[in-house]
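Remarks on the structure that follows.
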Amino acid sequence: MRRRCLAHRAALDHRTRMSRDDRRTEHAMSRLLWARKIALYLSRGDEPDTMDLADTLVMMGKRVLAPVLTDGHGHSLHEPAWAWYDSKNVRTGLWQIPEPIAPILPASAIDQVEVVLCSALLVDRSGYRVGVGGGWYDRVLTYRACDTPVWAVVNDDEIVDEVPHEPWDEPVTAALTPSGLHPLGQ
């Protein structure tokens, strides 16, 4: 499933990818007006773009909490961590994932945000997602306040009927796609 999704994303032409990203960002912005603090992954490569969204949110005076995977010296952190995003202070971290250069916060910092936008390759109608396979979000989502919505950022064709999941997998509440925000698990 992961390989097929990654190959499908890689095959998208630049114009289609940008159009989808623009529409997804518009939907996100219209839905995030109320939020002051948002947790948001910083995209890389063929992933649905979140860098423009992060910049726009910060320009609007919102705080963006982004994942940090390294210690700044090329070594992987053993536990999930966060830092507040600032577009002028970003480095390339583990697996070419952008990460903020700022004081590192523990996984529990997620309890400060009003909404979480997480990466996914696929998401099913029950809210289970297929990530890249590291389990980072499944570990960190256990620290969020129980009523904090979690949106998987995907393309419309990446919402499927069912994906395999394990007991420790944390479901998401909605899928943010180019066509809008789709509630899941209801």
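Chain labels A, B, ... are given in the sequence in which chains occur in the structure tokens; within each chain residues are numbered consecutively from 1, and ligands are likewise numbered from 1 in the order shown.
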
- Write down as a list in words the residues of segment 17-107 of chain A whose backbone DSSP state falls under strand (DSSP E or B).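 Put together, the selection reads Lys37, Ile38, Ala39, Leu40, Arg63, Val64, Leu65, Ala66, Pro67, Val68, Leu69, Thr70, Ser76, Leu77, His78, Glu79, Pro80, Ala81, Trp82, Ala83, Trp84, Val90, Arg91, Thr92, Pro98, Glu99, Pro100, Leu105 and Pro106 of chain A.
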
- Compile the contact shell of segment 59-70 of chain A as a ChimeraX atom specification: residues with an atom at most 8 Å away, counting only C-alpha atoms, same-chain residues fewer than 5 positions apart removed. /A:35-42,54,75-77,80-85,93-94,99-100,104,110,113

Residue subset to file, keeping C-alpha atoms, as a PDB file, in the first residue's frame:
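Dumped everything to again.pdb:
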ATOM      1  CA  ALA A  35      -7.254  28.148  16.199  1.00  0.00           C
ATOM      2  CA  ARG A  36      -4.337  30.001  17.789  1.00  0.00           C
ATOM      3  CA  LYS A  37      -1.915  27.060  18.025  1.00  0.00           C
ATOM      4  CA  ILE A  38      -1.685  24.316  15.436  1.00  0.00           C
ATOM      5  CA  ALA A  39       0.547  21.243  15.263  1.00  0.00           C
ATOM      6  CA  LEU A  40       1.589  20.691  11.662  1.00  0.00           C
ATOM      7  CA  TYR A  41       4.119  18.457   9.946  1.00  0.00           C
ATOM      8  CA  LEU A  42       6.508  20.169   7.526  1.00  0.00           C
ATOM      9  CA  ALA A  54       2.757  26.926   7.918  1.00  0.00           C
ATOM     10  CA  HIS A  75      21.543  12.325  15.336  1.00  0.00           C
ATOM     11  CA  SER A  76      18.044  10.938  15.589  1.00  0.00           C
ATOM     12  CA  LEU A  77      16.042  11.725  18.711  1.00  0.00           C
ATOM     13  CA  PRO A  80       8.995  12.344  19.629  1.00  0.00           C
ATOM     14  CA  ALA A  81       9.724  16.057  20.033  1.00  0.00           C
ATOM     15  CA  TRP A  82       8.435  19.407  18.781  1.00  0.00           C
ATOM     16  CA  ALA A  83       9.568  22.991  18.263  1.00  0.00           C
ATOM     17  CA  TRP A  84       7.782  26.205  17.342  1.00  0.00           C
ATOM     18  CA  TYR A  85       8.071  26.917  13.615  1.00  0.00           C
ATOM     19  CA  GLY A  93      16.517  16.769   9.339  1.00  0.00           C
ATOM     20  CA  LEU A  94      16.287  13.018   9.234  1.00  0.00           C
ATOM     21  CA  GLU A  99      12.314  20.775  11.041  1.00  0.00           C
ATOM     22  CA  PRO A 100      12.408  23.992  13.072  1.00  0.00           C
ATOM     23  CA  ILE A 104      13.147  21.315  21.537  1.00  0.00           C
ATOM     24  CA  ILE A 110       1.074  18.737  21.694  1.00  0.00           C
ATOM     25  CA  VAL A 113      -2.554  23.025  20.393  1.00  0.00           C
TER      26      VAL A 113
END

- Message: My list of candidates is A:Asp49, A:Asp111, A:Asp161, A:Glu170. Which is closest to Arg23 of chain A when distances are computed with only C-alpha atoms?
- Response: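 Using only C-alpha atoms, Arg23 of chain A sits closest to A:Asp49.
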
- Message: Ranking A:Gly134, A:Pro178, A:Pro167, A:Gly45 by minimum distance to Ser19 of chain A and counting only C-alpha atoms, which one comes first?
- Response: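 Using only C-alpha atoms, Ser19 of chain A sits closest to A:Pro178.
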
- Would you work out the distance separating atom CA of His14 of chain A from atom CA of Met1 of chain A, expressed in Å to one decimal?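 Result for atom CA of His14 of chain A versus atom CA of Met1 of chain A: 22.8 Å, one decimal.
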
- Query: By how many Å are atom CA of Ser126 of chain A and atom CA of Ala152 of chain A apart?
  - Reply: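 These two atoms are separated by 12.2 Å.
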
- Can you pull out every residue within 10 Å of Arg31 of chain A, counting only C-alpha atoms, but drop anything in the same chain fewer than 3 positions away, and send it as a list in words?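 Here the answer would be Thr25, Glu26, His27, Ala28, Trp34, Ala35, Leu176, Gly180 and Leu181 of chain A.
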
- Of the candidates A:Ala109, A:Gln96, A:Met29, A:Val130, which shows the shortest atom-to-atom distance to Leu6 of chain A, using only C-alpha atoms?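 Closest to Leu6 of chain A, using only C-alpha atoms: A:Val130.
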
- Query: Which of these residues is nearest to Asp147 of chain A, using only C-alpha atoms: A:Val123, A:Leu184, A:Val160, A:Val115?
  - Reply: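 Residue with the minimum atom-to-atom distance to Asp147 of chain A: A:Val115.
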
- State, in Å with one decimal place, the distance from atom CA of Met51 of chain A to atom CA of Ala10 of chain A.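 These atoms are spaced 18.1 Å apart.
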
- Residue among A:His8, A:Arg15, A:His73, A:Arg20 lying closest to Thr177 of chain A, counting only C-alpha atoms: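 Answer, going by the shortest atom-to-atom distance: A:Arg20.
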
- Message: Show me, as a list in words, the residues that have an atom within 9 Å of Glu79 of chain A when counting only C-alpha atoms, minus same-chain residues fewer than 5 positions from it.
- Response: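 Residues meeting the cut-off are Leu69, Pro106, Ala107, Trp136, Arg139 and Val140 of chain A.
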
How would the residues just picked look written out with N, CA and C atoms as an mmCIF file, in the first residue's frame?
data_model
loop_
_atom_site.group_PDB
_atom_site.id
_atom_site.type_symbol
_atom_site.label_atom_id
_atom_site.label_comp_id
_atom_site.auth_asym_id
_atom_site.auth_seq_id
_atom_site.Cartn_x
_atom_site.Cartn_y
_atom_site.Cartn_z
ATOM 1 N N LEU A 69 12.969 15.744 14.529
ATOM 2 C CA LEU A 69 13.438 14.357 14.547
ATOM 3 C C LEU A 69 14.913 14.217 14.882
ATOM 4 N N PRO A 106 9.124 18.582 24.527
ATOM 5 C CA PRO A 106 8.786 17.152 24.601
ATOM 6 C C PRO A 106 7.511 16.834 23.822
ATOM 7 N N ALA A 107 7.246 15.549 23.648
ATOM 8 C CA ALA A 107 6.044 15.089 22.944
ATOM 9 C C ALA A 107 4.782 15.674 23.564
ATOM 10 N N TRP A 136 5.662 7.526 14.507
ATOM 11 C CA TRP A 136 5.889 8.773 15.233
ATOM 12 C C TRP A 136 4.569 9.377 15.691
ATOM 13 N N ARG A 139 2.652 7.498 18.418
ATOM 14 C CA ARG A 139 3.220 7.703 19.763
ATOM 15 C C ARG A 139 2.875 9.081 20.309
ATOM 16 N N VAL A 140 2.975 10.113 19.478
ATOM 17 C CA VAL A 140 2.797 11.476 19.977
ATOM 18 C C VAL A 140 1.326 11.835 20.191
#

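The environment of Val150 of chain A within 7 Å, counting only C-alpha atoms and disregarding residues fewer than 2 places along the same chain, consists of Val115, Val116, Leu117, Thr148, Ala152, Val172, Thr173 and Ala174 of chain A.
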
- Query: Given the choices A:Leu33, A:Glu47, A:Gly74, A:Asn89, which gets closest to Glu114 of chain A if the distance is worked out from only C-alpha atoms?
  - Reply: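 So, comparing all the options, the nearest one is A:Leu33.
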